[in-house]
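For reference, the structure discussed in these notes is given below.
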Amino acid sequence: MSRNTDSPVQTQMAVAIFKSPLGGEYHGKSRTEGKPAGRRRVFVQTETGCVLGMELDRSDNAHTVKRRLQLALNYPIEESSLTFGDRVLKNDLSAVRNDSPLLLTRNFMHRSSSTPCLSPTGRDIQPRDQSGPIEILGNAGRFAKTKQIIKEIVKAIKTGVDPLPVHSGLGGAYYFRNSRGESVAIVKPTDEEPFAPNNPKGFVGKALGQPGLKRSVRVGETGFREVAAYLLDYDHFANVPATALVKITHSVFNVNDGVNGDKPHSKKQLVSKIASFQQFIPHDFDASDHGTSNFPVAAVHRIGILDIRIFNTDRHAGNLLVRKLDGIGRFGQVDLIPIDHGLCLPESLEDPYFEWIHWPQASIPFTDDELEYIQKLDPIRDSEMLRSELPMIREACLRVLVLSTIFLKEAAAYGLCLAEIGEMMSREFRSGEEGPSELEVVCLEARRLIAEREILLPKAEVDEEFQFDIDCEDAGCDYSPKLISQDFMNRNPFHFPIGGNGCFPLSKLDENIEEEESEEEEEKSFTSVPAPANNITTMSKLSMSLKYTSLGEKKLKFPKFSGTKPENGYMAGSSSGHRSANEQLPASVSFVKLADMNDCEWALFLEKFEELLYPAFAKRKSITLGQRQRQRLGTSCQF
């Protein structure tokens, strides 16, 4: 299979720890306790997959980090930014904790496929790996089980037991084994994800940090989401295997052609990667190979509760492992293990996928124990925990966590079952068009109420406008006159008319959407929005469910898969060499984004959101009741 040498991103070799004049280990305060003191070790990853570990002291800044990277890797640092999650690091590195992964990105206009990431030469620096073959990034105290597995793997590697590549899936993954040859962990390097530079299965074409397989999940950021799902699974409630983010070094990892210019990469050369490291759980099959009626209700409920909390967009049968408890797998005698959480916690609301949504177990009411567990969930505490344990996580992801947890808590308290909650979060496709979910409709209405409130306040000139982009930074809690203006509604693409035909324009949602109307039409559309009499939404105001929601003049284009390669996507079964990231499946539309609100707007949004939930729940209950009545009527009429 030939390599795509015209790919906009060339793949490079990752190297070992940079030998800094600094020595020792950082033992300062945590991020939540103040600025770090003393020395810290960080792992800097370039957008093409190179990894360099280095030690920093208090006097170091972003420029010194870049300079060391340039000396060690001969990597160009002009027009580059050192990032740590949402933060762009400059002089102050106080937010960076020990063993944190940093990402060096270059501006798009300055990326070049002709600039290789070379190994350091002896004249510049002599690389010496001062870390072990597997290092846990972050607070190792939370990963006792993982540390034990790492010890087994390191011992096995020393005796010649090498890991094995996983041939299924779109991304690179490897089974690491113990001394007996048993798989004990599965490792997924961040630079081998779908569309990442070193993807071993041909799905390449994007740099780390760019939108990936899901537009709201960036390339290279599925690893920490896997860890987040494990950390959020309190008391092992949903049975998520132990997962950590690691720096790991081995020759088995993939480095695509283009390393050191035209020099091929040696298969025996050690390569360092940042990766997710998950305990391998022995199992008999996955949920796609087994009748779902045998699954315990409690196991389905617990996994569903987790999926809703983390807004999982990829809960299919293949990532639900099934283990027989009695050797036979009789009714209820199986255990479910959820894996592959890399597409959870998107940066904006997506269309989730819940395999369990139509299983009969999901329609059974929650038990008292499950309701108690849900009631005790604290989304604010969860967010603070993730900020502490995974400081690279983006604020937009945490807002999705808060929103979905509030939704789960309120829905369960109202009496909705798991299936009803999942249905309210899922979108419908009608005549090739994708409409917002019931949850998104509530969010859009909450945003409309916020915009209406600001319109009623004094107007002033707006100095700068919000950008509806996944990179949007927090504007801060500032109700200055520049935010209190009609321009906020003009910036907001979600203009919700109440009454009439229920249509609303959705602008700039996706590349597949037709060109937006002229500014005059937008202004006309805006001025036609009637203001409601009060801010308390009634049932009639929420009656614009998916049935009555139209996309107006903007039709979403979805290619029809008829056996030939679609214009903007690739066939699932095709195998024509490297797939460019520009040939990925059609991206999901983003109806609701949360990152563009400042702190005060976000607090007001949550307040309105909770006010609107109970009418939405009542409507969902009435829909469910109507469906059940039709089912009973249909059965009674069969002779």
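Letters for chains follow the order of the structure tokens (A, B, ...), residue numbers begin at 1 for each chain, and ligand numbers begin at 1 in the order shown.
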* **Shell of 9 Å around stretch 408-410 of chain A, only C-alpha atoms, local chain residues under 2 positions omitted, as a count of residues only** => 20
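Relative to atom CA of A:Glu395, atom CA of A:Arg106 is found at 21.8 Å.
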* Distance criterion (only C-alpha atoms): nearest to A:Arg218 out of A:Glu389, A:Asp235, A:Asp307, A:Glu47 -> A:Glu47
* To do: Write out as an NGL selection string each polymer residue whose atoms come within 7 Å of A:Thr83, counting only C-alpha atoms; drop sequence neighbours fewer than 5 positions from it.
  => :A and (88-89 or 102-104)
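Distance-wise, atom CA of A:Ser590 and atom CA of A:Gly432 end up 16.2 Å apart.
DSSP annotation of stretch 200-266 of chain A from backbone atoms: strand (DSSP E) residues are A:Phe203, A:Val204, A:Thr243, A:Ala244, A:Leu245, A:Val246, A:Lys247, A:Ile248, A:Thr249, A:His250.
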* Structure fact -> Using only C-alpha atoms, the shortest atom-to-atom distance to A:Gly202 among A:Pro189, A:His341, A:Glu182, A:Val255 belongs to A:Val255
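Non-sequential neighbours of A:Glu350 (distance at most 9 Å, separation of 2 or more positions within a chain, only C-alpha atoms) are A:Lys214, A:Arg215, A:Ser216, A:Phe311, A:Thr313, A:Pro346, A:Glu347, A:Ser348, A:Pro352, A:Ser426, A:Arg427, A:Ser588, A:Val589, A:Ser590, A:Phe591, A:Val592.
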* **Contact residues around A:Ser363 with only C-alpha atoms at 10 Å, ignoring same-chain residues under 3 positions, as a list in words** => Val297, His301, Trp356, Ile357, His358, Trp359, Pro360, Phe366, Leu416, Cys417, Leu418, Ala419, Glu420 and Ile421 of chain A
Contacts of stretch 300-414 of chain A with stretch 437-456 of chain A up to 9 Å, shortest pair per row, only C-alpha atoms, as JSON lines:
```
{"residue": "A:Leu349", "atom": "CA", "partner": "A:Glu440", "partner_atom": "CA", "distance": 7.6}
{"residue": "A:Asp351", "atom": "CA", "partner": "A:Ser437", "partner_atom": "CA", "distance": 7.9}
{"residue": "A:Phe407", "atom": "CA", "partner": "A:Leu439", "partner_atom": "CA", "distance": 8.4}
```
